[in-house]
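Trainee: Dropping a structure here in structure tokens format, bear with me for questions.
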Amino acid sequence: MQDLAAEDVELHRRLSAGDRDAFDELYTRYARFAYGLAYRLTTNTALAQDAVHDAFLALWRAPEAYDPSRGAFRTFLLALVHHRAVDTIRREERLRARGERAANLEPVASEDIADAVTERSYLGIRRGQVREALRILSPEQRQVLEMAYYEGRTQVQIAQELGIPLGTVKTRTFAALRKLRGALKETE
Amino acid sequence: MTDHEAIWELLAGYALRSLSGPDGAEADRLLAGHVPGCPECRDHLESFGLLASDLALAIQPLDPPDLLLARLHRDMEPDAGALRRFGAGWIAAAAAGLVALVVLGSLALSGGGTSATLAVADLQQAVAAAARPGARTNDLGAVDEVALPDRSGFYLWGEDVPQPSPGQVYRLWLLVGQDAYYVGQFVPDPSGVVAIQVEVRGAYDEVIITTEDATSAPEEPSGTAWSVSSTPATPAP
């Protein structure tokens, strides 16, 4: 993991100096994850492409927005994609009713992890670890986490849709992240 | 629950981008005040942020279209900013008069001293206008609203605009005070291009685009809101 993170920082340094090859290398590393995430959120190919496009273009135009001292590059980039995709679906709620179902919409924890563990890259291995960790959450915790992160719902919307108090949504979200943090710490 | 646990609950929601209203405002206040000086809260914020990116990894990765990287390379050019939604191929097609945007039943309605018309844009003029100094671009999601300082109205531009469901169209409305006025309806051309010129005389507050049944009477915005501008091109006085 440290090797990958260090490589990312070096690639970012080169990108900041205008090196397009470094940009392409970072794109090659993360575009599949970024596009998978954006498509999961928007369920629309054009909007997913826009979210990924805008995130990578923002990286190119303002590379100084990423500060290596504040965390891993992938955290920064995937947060950028997530924010852009969430902003898009909140602006265009109609997409939820359009009927175009994303191919990767199955509940994350129920997906077959076999393909993940066969991926040899660090990111592939990490992906398997995260999906394993999601299995330790209670169904209620997993539900609020998936609605918030993978569907872009606000906590207020989640409370309304599930018919539970807002405080319960907050508690379950916090408990879910704390449990995930503990589980993933053991794998590092 | 301790005060700190209440803060960490908020930070958890913040990391997932799921806060809104008072909780969002409270998180902003904490992030500007308490969190930077509190090692425990900083640790929680950082670890929750990392977890959020880990959650992104859990998604089934998907190969983006090959053209996406090419589109990025094009837009990475230094002078690509003003034309980011206009592909070179599309501009060439426009120059050759090949782009056929379908505009259904352009109308001119007026209300409250404001009147507006909607028409297919003159593509070459519009592309040149978007690149002019002083042109203001307002991101409406799938399309851009481009306003020029020396003319009333605006252009709507977009590539890869999703086609509405069969039997449906996009409808453009102008909001003046509490009232919405219908301007016209449109669908993207088969390649997803939208290029519309909207002439406006008078003031309006917002631009609204809805998705509606093509056979319904456009009396008031009744379909699902597709996009609402937050910064009007021609602010009401």
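Naming works like this for the structure tokens: A, B, ... for the chains as they're shown, residue 1 at the start of each chain, ligands 1 onward in shown order.
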Near chain A, which residues of chain B fall within 9 Å when you count only C-alpha atoms, and what do they look like as number ranges by chain?
Mentor: B: 8-13, 15-21, 46-65, 68-69, 71-73, 75-76, 140-142, 160-162, 164-165, 211, 224-228
Trainee: Please produce a file of the residues just selected, as a compact mmCIF listing (two decimals), in the first residue's frame, where the atoms kept are C-alpha atoms.
Mentor:
# COMPACT_ATOMS: atom_id res chain seq x y z
CA TRP B 8 -17.93 12.32 15.30
CA GLU B 9 -21.44 11.34 14.27
CA LEU B 10 -21.59 14.52 12.24
CA LEU B 11 -18.16 13.88 10.76
CA ALA B 12 -19.27 10.40 9.71
CA GLY B 13 -22.19 11.90 7.80
CA ALA B 15 -17.42 12.03 5.07
CA LEU B 16 -20.26 10.30 3.22
CA ARG B 17 -21.55 13.65 1.92
CA SER B 18 -24.94 12.90 3.42
CA LEU B 19 -25.50 15.95 5.61
CA SER B 20 -27.99 18.65 4.74
CA GLY B 21 -29.69 21.61 6.36
CA GLU B 46 -9.14 11.63 8.28
CA SER B 47 -10.06 8.01 8.95
CA PHE B 48 -13.65 8.53 7.83
CA GLY B 49 -12.40 10.14 4.64
CA LEU B 50 -10.14 7.18 3.99
CA LEU B 51 -13.02 4.80 4.67
CA ALA B 52 -15.15 6.65 2.15
CA SER B 53 -12.54 6.11 -0.54
CA ASP B 54 -12.31 2.46 0.51
CA LEU B 55 -16.06 2.21 0.00
CA ALA B 56 -15.49 3.46 -3.54
CA LEU B 57 -13.13 0.55 -4.12
CA ALA B 58 -15.82 -1.91 -3.06
CA ILE B 59 -17.89 -1.04 -6.11
CA GLN B 60 -17.53 -3.27 -9.16
CA PRO B 61 -15.04 -1.32 -11.31
CA LEU B 62 -16.21 -0.53 -14.82
CA ASP B 63 -14.20 0.33 -17.88
CA PRO B 64 -15.03 3.87 -18.96
CA PRO B 65 -15.59 4.44 -22.68
CA LEU B 68 -13.39 9.55 -22.28
CA LEU B 69 -9.61 9.79 -22.13
CA ARG B 71 -12.14 13.86 -24.43
CA LEU B 72 -9.98 14.65 -21.42
CA HIS B 73 -6.89 15.11 -23.58
CA ASP B 75 -10.07 19.51 -22.79
CA MET B 76 -6.62 19.61 -21.22
CA LEU B 140 -26.92 23.24 -15.65
CA GLY B 141 -25.68 19.68 -15.54
CA ALA B 142 -26.06 18.07 -18.96
CA ASP B 160 -24.09 13.68 -24.56
CA VAL B 161 -27.42 14.98 -23.30
CA PRO B 162 -29.59 11.99 -22.33
CA PRO B 164 -35.86 11.76 -22.74
CA SER B 165 -37.98 8.64 -22.46
CA THR B 211 -39.01 16.41 -18.54
CA THR B 224 -39.74 16.18 -13.15
CA ALA B 225 -37.34 19.09 -12.82
CA TRP B 226 -34.25 18.29 -14.82
CA SER B 227 -32.28 21.37 -14.09
CA VAL B 228 -32.69 24.70 -12.37
Trainee: Measuring between only C-alpha atoms, which one of A:Arg14, A:Pro68, A:Thr168, A:Asp21 shows the shortest distance to Val144 of chain A?
Mentor: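 Of A:Arg14, A:Pro68, A:Thr168, A:Asp21, the one nearest Val144 of chain A is A:Thr168, counting only C-alpha atoms.
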Trainee: Between B:Leu45, B:Ile7, B:Leu67, B:Val143, single out the one closest to Gly192 of chain B, counting only C-alpha atoms.
Mentor: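 Once distances to Gly192 of chain B are computed over only C-alpha atoms, the minimum belongs to B:Val143.
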Trainee: One decimal, in Å: what's the spacing between atom CA of Pro221 of chain B and atom CA of Arg136 of chain B?
Mentor: 26.1 Å
